[in-house]
Protein chains: 2
Amino acid sequence: MSSGTREGRARAAAPWPQLPEAARQVLLEVLIHGPIPRAEIAARLQVSRPTLSRITRQLFDDGLLVEGGTELRSTTGRPSELLHVNGAARHFFGVKLTGDHLYAVVTDLTAEVVASVATPLRSADVTEVVGQITEVAAALGAAFPDLTAAGVTLAGTVRSGSVHGSAYLDWSGVPLAGLVAEATGLPTAVDNDVQALTAAEHWFGAGAGLRSLVLVTIGVGIGCGLVLNGELVEGAHGTVGRAAHLVVDQSGPVCDLGHRGCAASYLLNAAIVRALGAADYADAVARARAGDPAARRVFGDAGFALGIIIGTVANLVDPQKVLLTGDGLPLYEVAADRVREGIGKSYEPDPAQLDLDVQSFDFGEWARSGAALAIRAALTGRTASAR
Amino acid sequence: MSSGTREGRARAAAPWPQLPEAARQVLLEVLIHGPIPRAEIAARLQVSRPTLSRITRQLFDDGLLVEGGTELRSTTGRPSELLHVNGAARHFFGVKLTGDHLYAVVTDLTAEVVASVATPLRSADVTEVVGQITEVAAALGAAFPDLTAAGVTLAGTVRSGSVHGSAYLDWSGVPLAGLVAEATGLPTAVDNDVQALTAAEHWFGAGAGLRSLVLVTIGVGIGCGLVLNGELVEGAHGTVGRAAHLVVDQSGPVCDLGHRGCAASYLLNAAIVRALGAADYADAVARARAGDPAARRVFGDAGFALGIIIGTVANLVDPQKVLLTGDGLPLYEVAADRVREGIGKSYEPDPAQLDLDVQSFDFGEWARSGAALAIRAALTGRTASAR
DNA sequence: CCAGTTAGTTTCATCACAACACTAACGGGT
DNA sequence: ACCCGTTAGTGTTGTGATGAAACTAACTGG
């Protein structure tokens, strides 16, 4: 049995070149900091230029890096050649599972989406879902024979590739990474969706390369991810980023957990829909945009609660930047002033030092962050799959 | 001017041997994990035994490491020799400043206090305070000619050795590390007191070697420090760990910032004294211990607020351990059940996974954590002083 | 007292690295 | 147009750190 998994890994790992640690670091640097001259990489990684030359040559030979364009870093002298990641060199498979749907994408090495699919889940049974993932991987992957790794994200508690509790799928103790790796033959990483999105933003998004970062997602759920000291905070028990039930106003509505006036009771899409008696979230947003006073009040209060969350988390970890995203983002359009008010009420330092960055969102982001997870695992050598 | 500071650093850095990076890592490992066999260090640092031998020999020659005792790691074979840090090899100077007092200690390399002093501050003027620190360093250091480095802690915002805002001393933009380094001739590190205490607990205390850790201090102020991914979280603007003003109950008392029912309004020593009309905190504690119903209620509410803070922070960062300490610790003795209640109310995962560790406290800890800061700076090479 | 086992050290070949020296590519002055 | 100064990038080579292998040391149990 153990030899079986070992073979599985060997077979799967084959398409990914055995990069030495130094080469991985260089590739990562180019990935995160975009087109970048050699000199800057050498400075960042504290290596000499000859060493960097040797490493980049290897990466050129592997087709992972290409040169393109030049940049004058000073008024005189020879211009630098800029290094780019050759995205097309490898492709990755990303999946987001919800309670009833499967969203899948194929991205290139720069996490650019090149194909995507969304289908309803046939069943919530683990084996069925793994089977369906495998089918989608085969279908999408047909055009990309160089699929290198897979990443699966879902809402819930994930510890080292095993799902230990999921809000929408009633799974517990499911070694999903191993199962998907075995079924697809791809090294597979599995993580919580918000964690994966945080990592994706930190490597490929608005938070690229920052030392610290807070990501807040709003929508069907409320999520929070942290990057501190340049690393994703993983949590000792896989339950990092619980910020949904902060107390906002005890005379408020009641949430699912029975808290009166917690952030979730104002902020969740479902809470907004319920408070307005709207048909769905889109309807509620439409009413707020049309100027309906009740809708504006409900969205305003939700915005205030969001501000409290942002301010509270920022108080605690003092990040360089706070990213806000999620399918509930229309809330911010409608009630940005109330969000600011909530931040002002809770954030203790000078509000000017809080850099809030609102990132547009579509549902494909979740699946893309699965692919980003796969890229991350491949590059850090943590093939969280078959271990 | 710049040559002056450079000379200052060169003069001061002399007593600390120029340890190569690898040797520093080994020394650190022994410091944090106590008496430890070679094999374990080699495994942790991923180096071969020959390499480790070479490094330890260097450290023996420098007098920083000693062998002592043996340990049988298996039933058969030669026993391992345990490595200890030779604490007496170096001494460090630690200072805590309050608004009106100066607390100073000398510790050895293992952060064991070997001498201590407390004196009133003659003045809150920067130059005066630096002068007084220098006097105390000279007096205490007379018995320890091998003083290697100094560390100063105080409440307030500290960024790279400069004090940018202090609650009790009205300083702003004071390059304290540089000033003390110049006056004492010792490489000097300066940091926020709670940050320093967190670092001290992480290296020398109950959180030694943990990957993640939350420290909550209660007393005159409320502080919170974070260690995540094995590193102290420093904060992008030096304002990490603001947790004092979390909303607990909006029908509660009002704090200094005008918040109604925030944690600080219940929890600060001053708030408890005020609520009870007590003479001082000791009086309030005595009344609660004697069973006075009003006192028990006030302390109980404070305990509940403390529980909310602990639960909220633990929700967010999911630490391996939460350490509780500070001069307000009698509160926990009196109202442990209400603290647990507050945690239960706010902490979302299974409360059993929250490992709360209450650490006894005396005021010398603050100064000791200054020395720990100095040790940390010396060992990580970050002489935060003269830069 | 010897075999078996693990700890620690010495020796030595290997390898990665940075210093050095060189070529390449650019702007600007004459 | 051409040279010069400047910076980017690349071979070459000596140095130094490392781990594999072999060896010695220290212990237990038969």
# chains A, B, ... in the order shown; residues from 1 in each chain; ligands from 1
>>> residues_around(residues="range 17-27 of chain D", least_positions_apart="6", cutoff="9 Å", atoms="only C-alpha atoms (C1' of nucleotides)", output="ChimeraX atom specification")
/B:47-51,76-79 /C:5-11,14-16
>>> residues_around(residues="Arg54 in chain A", least_positions_apart="4", cutoff="12 Å", atoms="only C-alpha atoms (C1' of nucleotides)", output="mmCIF file with C-alpha atoms (C1' of nucleotides), in the first residue's frame")
data_model
loop_
_atom_site.group_PDB
_atom_site.id
_atom_site.type_symbol
_atom_site.label_atom_id
_atom_site.label_comp_id
_atom_site.auth_asym_id
_atom_site.auth_seq_id
_atom_site.Cartn_x
_atom_site.Cartn_y
_atom_site.Cartn_z
ATOM 1 C CA PRO A 20 16.802 22.991 -6.464
ATOM 2 C CA ALA A 22 17.635 28.210 -4.887
ATOM 3 C CA ALA A 23 15.900 27.942 -8.253
ATOM 4 C CA VAL A 26 14.212 32.728 -7.836
ATOM 5 C CA ARG A 38 18.282 40.232 -12.359
ATOM 6 C CA ALA A 42 20.105 39.114 -6.523
ATOM 7 C CA VAL A 47 23.151 36.015 -3.789
ATOM 8 C CA SER A 48 25.899 37.088 -6.142
ATOM 9 C CA ARG A 49 25.189 37.796 -9.788
ATOM 10 C CA PRO A 50 27.175 34.819 -11.089
ATOM 11 C CA GLN A 58 18.663 26.385 -15.522
ATOM 12 C CA LEU A 59 15.233 28.001 -15.425
ATOM 13 C CA PHE A 60 15.551 29.150 -19.036
ATOM 14 C CA ASP A 61 16.452 25.616 -20.085
ATOM 15 C "C1'" DA C 16 28.081 25.629 -4.235
ATOM 16 C "C1'" DC C 17 29.488 30.134 -3.925
ATOM 17 C "C1'" DG D 9 25.757 39.904 -17.495
ATOM 18 C "C1'" DT D 10 28.954 35.669 -17.852
ATOM 19 C "C1'" DG D 11 33.062 32.525 -17.765
#
>>> interface_residues(of="chain B", to="chain A", cutoff="6 Å", atoms="only C-alpha atoms", output="PyMOL selection string")
chain B and resi 235-236+239-242+315-320
>>> select_by_dssp(residues="range 99-330 of chain B", states="strand (DSSP E or B)", output="MDAnalysis selection string")
chainID B and resid 101:108 113:120 147:154 157:159 162:165 174 188:192 213:217 223:228 231:232 247 254 260 262 322:325
>>> write_last_selection(atoms="C-alpha atoms", output="PDB file, in the first residue's frame")
ATOM      1  CA  HIS B 101       9.923  54.678  37.677  1.00  0.00           C
ATOM      2  CA  LEU B 102      12.868  52.879  36.188  1.00  0.00           C
ATOM      3  CA  TYR B 103      13.159  49.143  36.730  1.00  0.00           C
ATOM      4  CA  ALA B 104      16.446  47.553  35.767  1.00  0.00           C
ATOM      5  CA  VAL B 105      17.897  44.063  35.872  1.00  0.00           C
ATOM      6  CA  VAL B 106      21.014  42.241  34.846  1.00  0.00           C
ATOM      7  CA  THR B 107      20.424  38.745  33.535  1.00  0.00           C
ATOM      8  CA  ASP B 108      22.696  36.046  32.284  1.00  0.00           C
ATOM      9  CA  VAL B 113      17.940  37.638  36.703  1.00  0.00           C
ATOM     10  CA  VAL B 114      21.144  38.079  38.709  1.00  0.00           C
ATOM     11  CA  ALA B 115      20.687  41.656  39.910  1.00  0.00           C
ATOM     12  CA  SER B 116      17.905  44.174  39.964  1.00  0.00           C
ATOM     13  CA  VAL B 117      17.127  47.739  40.947  1.00  0.00           C
ATOM     14  CA  ALA B 118      14.103  50.020  40.984  1.00  0.00           C
ATOM     15  CA  THR B 119      14.317  53.782  41.292  1.00  0.00           C
ATOM     16  CA  PRO B 120      11.983  56.704  40.752  1.00  0.00           C
ATOM     17  CA  LEU B 147      27.717  43.271  29.836  1.00  0.00           C
ATOM     18  CA  THR B 148      27.006  42.482  26.211  1.00  0.00           C
ATOM     19  CA  ALA B 149      23.893  44.383  25.264  1.00  0.00           C
ATOM     20  CA  ALA B 150      20.996  46.370  26.629  1.00  0.00           C
ATOM     21  CA  GLY B 151      17.261  46.304  26.072  1.00  0.00           C
ATOM     22  CA  VAL B 152      14.732  48.955  27.040  1.00  0.00           C
ATOM     23  CA  THR B 153      10.980  48.463  27.112  1.00  0.00           C
ATOM     24  CA  LEU B 154       8.153  50.870  27.693  1.00  0.00           C
ATOM     25  CA  THR B 157       4.543  52.728  19.967  1.00  0.00           C
ATOM     26  CA  VAL B 158       8.077  51.797  19.016  1.00  0.00           C
ATOM     27  CA  ARG B 159       9.371  51.533  15.468  1.00  0.00           C
ATOM     28  CA  SER B 162      12.467  54.993  18.080  1.00  0.00           C
ATOM     29  CA  VAL B 163       9.651  55.854  20.451  1.00  0.00           C
ATOM     30  CA  HIS B 164       6.777  57.332  18.468  1.00  0.00           C
ATOM     31  CA  GLY B 165       4.181  57.695  21.139  1.00  0.00           C
ATOM     32  CA  VAL B 174      12.693  59.873  20.177  1.00  0.00           C
ATOM     33  CA  THR B 188      20.701  48.644  22.595  1.00  0.00           C
ATOM     34  CA  ALA B 189      17.324  47.357  21.531  1.00  0.00           C
ATOM     35  CA  VAL B 190      14.117  49.186  22.336  1.00  0.00           C
ATOM     36  CA  ASP B 191      10.634  47.823  21.970  1.00  0.00           C
ATOM     37  CA  ASN B 192       7.138  48.026  23.302  1.00  0.00           C
ATOM     38  CA  LEU B 213       1.296  31.860  20.885  1.00  0.00           C
ATOM     39  CA  VAL B 214      -0.903  34.647  22.166  1.00  0.00           C
ATOM     40  CA  LEU B 215       0.104  36.614  25.227  1.00  0.00           C
ATOM     41  CA  VAL B 216      -2.517  38.683  27.031  1.00  0.00           C
ATOM     42  CA  THR B 217      -1.481  41.008  29.829  1.00  0.00           C
ATOM     43  CA  GLY B 223      -1.798  44.226  26.134  1.00  0.00           C
ATOM     44  CA  CYS B 224      -1.699  41.522  23.572  1.00  0.00           C
ATOM     45  CA  GLY B 225       1.267  40.024  21.773  1.00  0.00           C
ATOM     46  CA  LEU B 226       1.327  37.459  19.006  1.00  0.00           C
ATOM     47  CA  VAL B 227       3.783  34.828  17.917  1.00  0.00           C
ATOM     48  CA  LEU B 228       2.743  33.167  14.665  1.00  0.00           C
ATOM     49  CA  GLU B 231       7.978  34.526  14.834  1.00  0.00           C
ATOM     50  CA  LEU B 232       6.942  37.553  16.820  1.00  0.00           C
ATOM     51  CA  VAL B 247     -17.180  45.577  22.655  1.00  0.00           C
ATOM     52  CA  VAL B 254     -17.559  54.051  29.839  1.00  0.00           C
ATOM     53  CA  ARG B 260     -19.520  52.197  26.463  1.00  0.00           C
ATOM     54  CA  CYS B 262     -15.737  47.877  26.006  1.00  0.00           C
ATOM     55  CA  VAL B 322      -2.712  31.525  25.209  1.00  0.00           C
ATOM     56  CA  LEU B 323      -0.594  32.927  28.011  1.00  0.00           C
ATOM     57  CA  LEU B 324      -2.206  35.189  30.570  1.00  0.00           C
ATOM     58  CA  THR B 325      -0.143  37.364  32.851  1.00  0.00           C
TER      59      THR B 325
END
>>> atom_distance(atom1="CA of Gln132 in chain A", atom2="CA of Ala88 in chain A")
26.1 Å
>>> interface_residues(of="chain D", to="chain A", cutoff="7 Å", atoms="only C-alpha atoms (C1' of nucleotides)", output="mmCIF file with C-alpha atoms (C1' of nucleotides), in the first residue's frame")
data_model
loop_
_atom_site.group_PDB
_atom_site.id
_atom_site.type_symbol
_atom_site.label_atom_id
_atom_site.label_comp_id
_atom_site.auth_asym_id
_atom_site.auth_seq_id
_atom_site.Cartn_x
_atom_site.Cartn_y
_atom_site.Cartn_z
ATOM 1 C "C1'" DT D 6 29.098 53.128 -16.510
ATOM 2 C "C1'" DT D 7 26.307 49.339 -15.608
ATOM 3 C "C1'" DA D 8 24.655 44.418 -16.909
#
>>> interface_residues(of="chain C", to="chain A", cutoff="10 Å", atoms="only C-alpha atoms (C1' of nucleotides)", output="list of chain:residue names")
C:DA16, C:DC17, C:DA18, C:DA19, C:DA24, C:DA25, C:DC26, C:DG27, C:DG28
>>> closest_residue(among="B:Thr184, B:Asn269, B:Thr56, B:Gln25", to="Leu331 in chain B", atoms="only C-alpha atoms")
B:Asn269
>>> atom_distance(atom1="CA of Glu201 in chain B", atom2="CA of Ser369 in chain B")
8.3 Å
>>> residues_around(residues="range 264-268 of chain A", least_positions_apart="4", cutoff="9 Å", atoms="only C-alpha atoms (C1' of nucleotides)", output="mmCIF file with N, CA and C atoms, in the first residue's frame")
data_model
loop_
_atom_site.group_PDB
_atom_site.id
_atom_site.type_symbol
_atom_site.label_atom_id
_atom_site.label_comp_id
_atom_site.auth_asym_id
_atom_site.auth_seq_id
_atom_site.Cartn_x
_atom_site.Cartn_y
_atom_site.Cartn_z
ATOM 1 N N ILE A 218 -16.671 38.763 2.340
ATOM 2 C CA ILE A 218 -18.057 38.836 2.775
ATOM 3 C C ILE A 218 -18.944 38.226 1.700
ATOM 4 N N GLY A 219 -20.052 37.717 2.110
ATOM 5 C CA GLY A 219 -20.965 37.097 1.153
ATOM 6 C C GLY A 219 -21.778 36.020 1.851
ATOM 7 N N VAL A 220 -21.776 34.824 1.254
ATOM 8 C CA VAL A 220 -22.496 33.708 1.858
ATOM 9 C C VAL A 220 -21.957 33.446 3.262
ATOM 10 N N GLY A 221 -20.651 33.564 3.416
ATOM 11 C CA GLY A 221 -20.020 33.462 4.728
ATOM 12 C C GLY A 221 -19.147 34.680 4.955
ATOM 13 N N ILE A 222 -18.576 34.752 6.120
ATOM 14 C CA ILE A 222 -17.621 35.816 6.418
ATOM 15 C C ILE A 222 -16.300 35.146 6.734
ATOM 16 N N ALA A 243 -13.931 35.556 12.535
ATOM 17 C CA ALA A 243 -14.199 36.939 12.925
ATOM 18 C C ALA A 243 -15.673 37.285 12.750
ATOM 19 N N ALA A 244 -16.471 36.296 12.407
ATOM 20 C CA ALA A 244 -17.845 36.585 12.018
ATOM 21 C C ALA A 244 -18.729 37.010 13.183
ATOM 22 N N HIS A 245 -18.383 36.573 14.384
ATOM 23 C CA HIS A 245 -19.328 36.772 15.482
ATOM 24 C C HIS A 245 -18.871 37.804 16.500
ATOM 25 N N LEU A 246 -18.095 38.754 16.028
ATOM 26 C CA LEU A 246 -17.746 39.883 16.877
ATOM 27 C C LEU A 246 -19.014 40.622 17.291
ATOM 28 N N VAL A 248 -21.320 43.620 17.783
ATOM 29 C CA VAL A 248 -21.426 44.957 17.195
ATOM 30 C C VAL A 248 -22.406 45.807 18.004
ATOM 31 N N GLY A 252 -29.229 44.310 18.356
ATOM 32 C CA GLY A 252 -29.412 43.943 16.959
ATOM 33 C C GLY A 252 -30.115 42.616 16.780
ATOM 34 N N PRO A 253 -30.113 42.100 15.548
ATOM 35 C CA PRO A 253 -30.762 40.822 15.246
ATOM 36 C C PRO A 253 -29.964 39.637 15.816
ATOM 37 N N VAL A 254 -30.512 38.474 15.647
ATOM 38 C CA VAL A 254 -29.890 37.267 16.190
ATOM 39 C C VAL A 254 -29.332 36.422 15.043
ATOM 40 N N CYS A 255 -28.131 35.907 15.221
ATOM 41 C CA CYS A 255 -27.524 35.084 14.175
ATOM 42 C C CYS A 255 -27.814 33.603 14.421
ATOM 43 N N ASP A 256 -27.322 32.757 13.528
ATOM 44 C CA ASP A 256 -27.560 31.310 13.623
ATOM 45 C C ASP A 256 -27.089 30.724 14.940
ATOM 46 N N HIS A 259 -26.223 34.513 18.795
ATOM 47 C CA HIS A 259 -25.664 35.778 19.267
ATOM 48 C C HIS A 259 -26.601 36.912 18.863
ATOM 49 N N ARG A 260 -26.821 37.828 19.791
ATOM 50 C CA ARG A 260 -27.621 38.998 19.434
ATOM 51 C C ARG A 260 -26.685 40.128 19.003
ATOM 52 N N ILE A 272 -29.094 39.826 5.405
ATOM 53 C CA ILE A 272 -29.598 41.020 4.729
ATOM 54 C C ILE A 272 -30.915 40.708 4.016
ATOM 55 N N VAL A 273 -30.925 39.566 3.314
ATOM 56 C CA VAL A 273 -32.134 39.162 2.597
ATOM 57 C C VAL A 273 -33.298 38.999 3.572
ATOM 58 N N ALA A 275 -33.641 40.315 6.604
ATOM 59 C CA ALA A 275 -34.056 41.577 7.225
ATOM 60 C C ALA A 275 -34.949 42.391 6.296
ATOM 61 N N VAL A 298 -30.559 48.710 6.237
ATOM 62 C CA VAL A 298 -30.040 47.361 6.484
ATOM 63 C C VAL A 298 -28.614 47.222 5.947
ATOM 64 N N PHE A 299 -28.410 47.702 4.727
ATOM 65 C CA PHE A 299 -27.045 47.620 4.164
ATOM 66 C C PHE A 299 -26.087 48.509 4.961
ATOM 67 N N ASP A 301 -26.259 49.210 8.171
ATOM 68 C CA ASP A 301 -25.886 48.536 9.410
ATOM 69 C C ASP A 301 -24.901 47.400 9.135
ATOM 70 N N ALA A 302 -25.107 46.704 8.008
ATOM 71 C CA ALA A 302 -24.175 45.635 7.639
ATOM 72 C C ALA A 302 -22.790 46.217 7.376
ATOM 73 N N GLY A 303 -22.761 47.347 6.694
ATOM 74 C CA GLY A 303 -21.489 48.002 6.427
ATOM 75 C C GLY A 303 -20.782 48.393 7.705
ATOM 76 N N PHE A 304 -21.570 48.901 8.655
ATOM 77 C CA PHE A 304 -20.987 49.274 9.948
ATOM 78 C C PHE A 304 -20.369 48.050 10.614
ATOM 79 N N ALA A 305 -21.109 46.930 10.585
ATOM 80 C CA ALA A 305 -20.583 45.700 11.185
ATOM 81 C C ALA A 305 -19.293 45.273 10.494
ATOM 82 N N LEU A 306 -19.265 45.416 9.176
ATOM 83 C CA LEU A 306 -18.043 45.081 8.431
ATOM 84 C C LEU A 306 -16.888 45.969 8.882
ATOM 85 N N GLY A 328 -20.333 39.287 -1.543
ATOM 86 C CA GLY A 328 -21.166 40.283 -0.889
ATOM 87 C C GLY A 328 -20.662 41.701 -1.089
ATOM 88 N N LEU A 331 -22.371 45.283 -1.124
ATOM 89 C CA LEU A 331 -22.567 45.969 0.155
ATOM 90 C C LEU A 331 -21.655 47.172 0.282
#
>>> select_by_dssp(residues="range 163-205 of chain B", states="helix (DSSP H, G or I)", output="PyMOL selection string")
chain B and resi 176-184+193-204
>>> write_last_selection(atoms="N, CA and C atoms", output="PDB file, in the first residue's frame")
ATOM      1  N   LEU B 176      15.408  56.453  20.920  1.00  0.00           N
ATOM      2  CA  LEU B 176      15.897  56.035  22.235  1.00  0.00           C
ATOM      3  C   LEU B 176      17.020  55.012  22.129  1.00  0.00           C
ATOM      4  N   ALA B 177      16.889  54.059  21.209  1.00  0.00           N
ATOM      5  CA  ALA B 177      17.910  53.017  21.099  1.00  0.00           C
ATOM      6  C   ALA B 177      19.275  53.623  20.815  1.00  0.00           C
ATOM      7  N   GLY B 178      19.300  54.544  19.870  1.00  0.00           N
ATOM      8  CA  GLY B 178      20.558  55.196  19.536  1.00  0.00           C
ATOM      9  C   GLY B 178      21.120  55.976  20.707  1.00  0.00           C
ATOM     10  N   LEU B 179      20.242  56.719  21.406  1.00  0.00           N
ATOM     11  CA  LEU B 179      20.696  57.538  22.529  1.00  0.00           C
ATOM     12  C   LEU B 179      21.293  56.684  23.637  1.00  0.00           C
ATOM     13  N   VAL B 180      20.575  55.601  23.992  1.00  0.00           N
ATOM     14  CA  VAL B 180      21.063  54.743  25.076  1.00  0.00           C
ATOM     15  C   VAL B 180      22.337  54.036  24.645  1.00  0.00           C
ATOM     16  N   ALA B 181      22.383  53.615  23.377  1.00  0.00           N
ATOM     17  CA  ALA B 181      23.582  52.932  22.875  1.00  0.00           C
ATOM     18  C   ALA B 181      24.792  53.858  22.989  1.00  0.00           C
ATOM     19  N   GLU B 182      24.592  55.096  22.613  1.00  0.00           N
ATOM     20  CA  GLU B 182      25.703  56.042  22.639  1.00  0.00           C
ATOM     21  C   GLU B 182      26.145  56.318  24.074  1.00  0.00           C
ATOM     22  N   ALA B 183      25.152  56.489  24.967  1.00  0.00           N
ATOM     23  CA  ALA B 183      25.478  56.858  26.342  1.00  0.00           C
ATOM     24  C   ALA B 183      26.112  55.692  27.106  1.00  0.00           C
ATOM     25  N   THR B 184      25.637  54.475  26.860  1.00  0.00           N
ATOM     26  CA  THR B 184      26.135  53.346  27.648  1.00  0.00           C
ATOM     27  C   THR B 184      27.250  52.587  26.939  1.00  0.00           C
ATOM     28  N   ASP B 193       6.704  47.266  25.575  1.00  0.00           N
ATOM     29  CA  ASP B 193       6.856  46.335  26.690  1.00  0.00           C
ATOM     30  C   ASP B 193       6.124  45.013  26.470  1.00  0.00           C
ATOM     31  N   VAL B 194       4.930  45.087  25.906  1.00  0.00           N
ATOM     32  CA  VAL B 194       4.180  43.842  25.696  1.00  0.00           C
ATOM     33  C   VAL B 194       4.838  42.987  24.615  1.00  0.00           C
ATOM     34  N   GLN B 195       5.338  43.662  23.577  1.00  0.00           N
ATOM     35  CA  GLN B 195       6.056  42.929  22.537  1.00  0.00           C
ATOM     36  C   GLN B 195       7.273  42.221  23.126  1.00  0.00           C
ATOM     37  N   ALA B 196       7.995  42.928  23.969  1.00  0.00           N
ATOM     38  CA  ALA B 196       9.198  42.352  24.568  1.00  0.00           C
ATOM     39  C   ALA B 196       8.828  41.185  25.482  1.00  0.00           C
ATOM     40  N   LEU B 197       7.756  41.349  26.244  1.00  0.00           N
ATOM     41  CA  LEU B 197       7.343  40.263  27.132  1.00  0.00           C
ATOM     42  C   LEU B 197       6.927  39.041  26.326  1.00  0.00           C
ATOM     43  N   THR B 198       6.251  39.286  25.217  1.00  0.00           N
ATOM     44  CA  THR B 198       5.856  38.172  24.356  1.00  0.00           C
ATOM     45  C   THR B 198       7.080  37.441  23.829  1.00  0.00           C
ATOM     46  N   ALA B 199       8.042  38.205  23.365  1.00  0.00           N
ATOM     47  CA  ALA B 199       9.276  37.589  22.865  1.00  0.00           C
ATOM     48  C   ALA B 199       9.974  36.819  23.975  1.00  0.00           C
ATOM     49  N   ALA B 200       9.976  37.395  25.176  1.00  0.00           N
ATOM     50  CA  ALA B 200      10.644  36.737  26.306  1.00  0.00           C
ATOM     51  C   ALA B 200       9.970  35.411  26.634  1.00  0.00           C
ATOM     52  N   GLU B 201       8.655  35.401  26.664  1.00  0.00           N
ATOM     53  CA  GLU B 201       7.941  34.156  26.959  1.00  0.00           C
ATOM     54  C   GLU B 201       8.165  33.131  25.862  1.00  0.00           C
ATOM     55  N   HIS B 202       8.329  33.633  24.643  1.00  0.00           N
ATOM     56  CA  HIS B 202       8.502  32.721  23.515  1.00  0.00           C
ATOM     57  C   HIS B 202       9.882  32.076  23.505  1.00  0.00           C
ATOM     58  N   TRP B 203      10.855  32.761  24.085  1.00  0.00           N
ATOM     59  CA  TRP B 203      12.209  32.205  24.089  1.00  0.00           C
ATOM     60  C   TRP B 203      12.565  31.571  25.420  1.00  0.00           C
ATOM     61  N   PHE B 204      12.095  32.167  26.513  1.00  0.00           N
ATOM     62  CA  PHE B 204      12.594  31.731  27.817  1.00  0.00           C
ATOM     63  C   PHE B 204      11.483  31.319  28.764  1.00  0.00           C
TER      64      PHE B 204
END
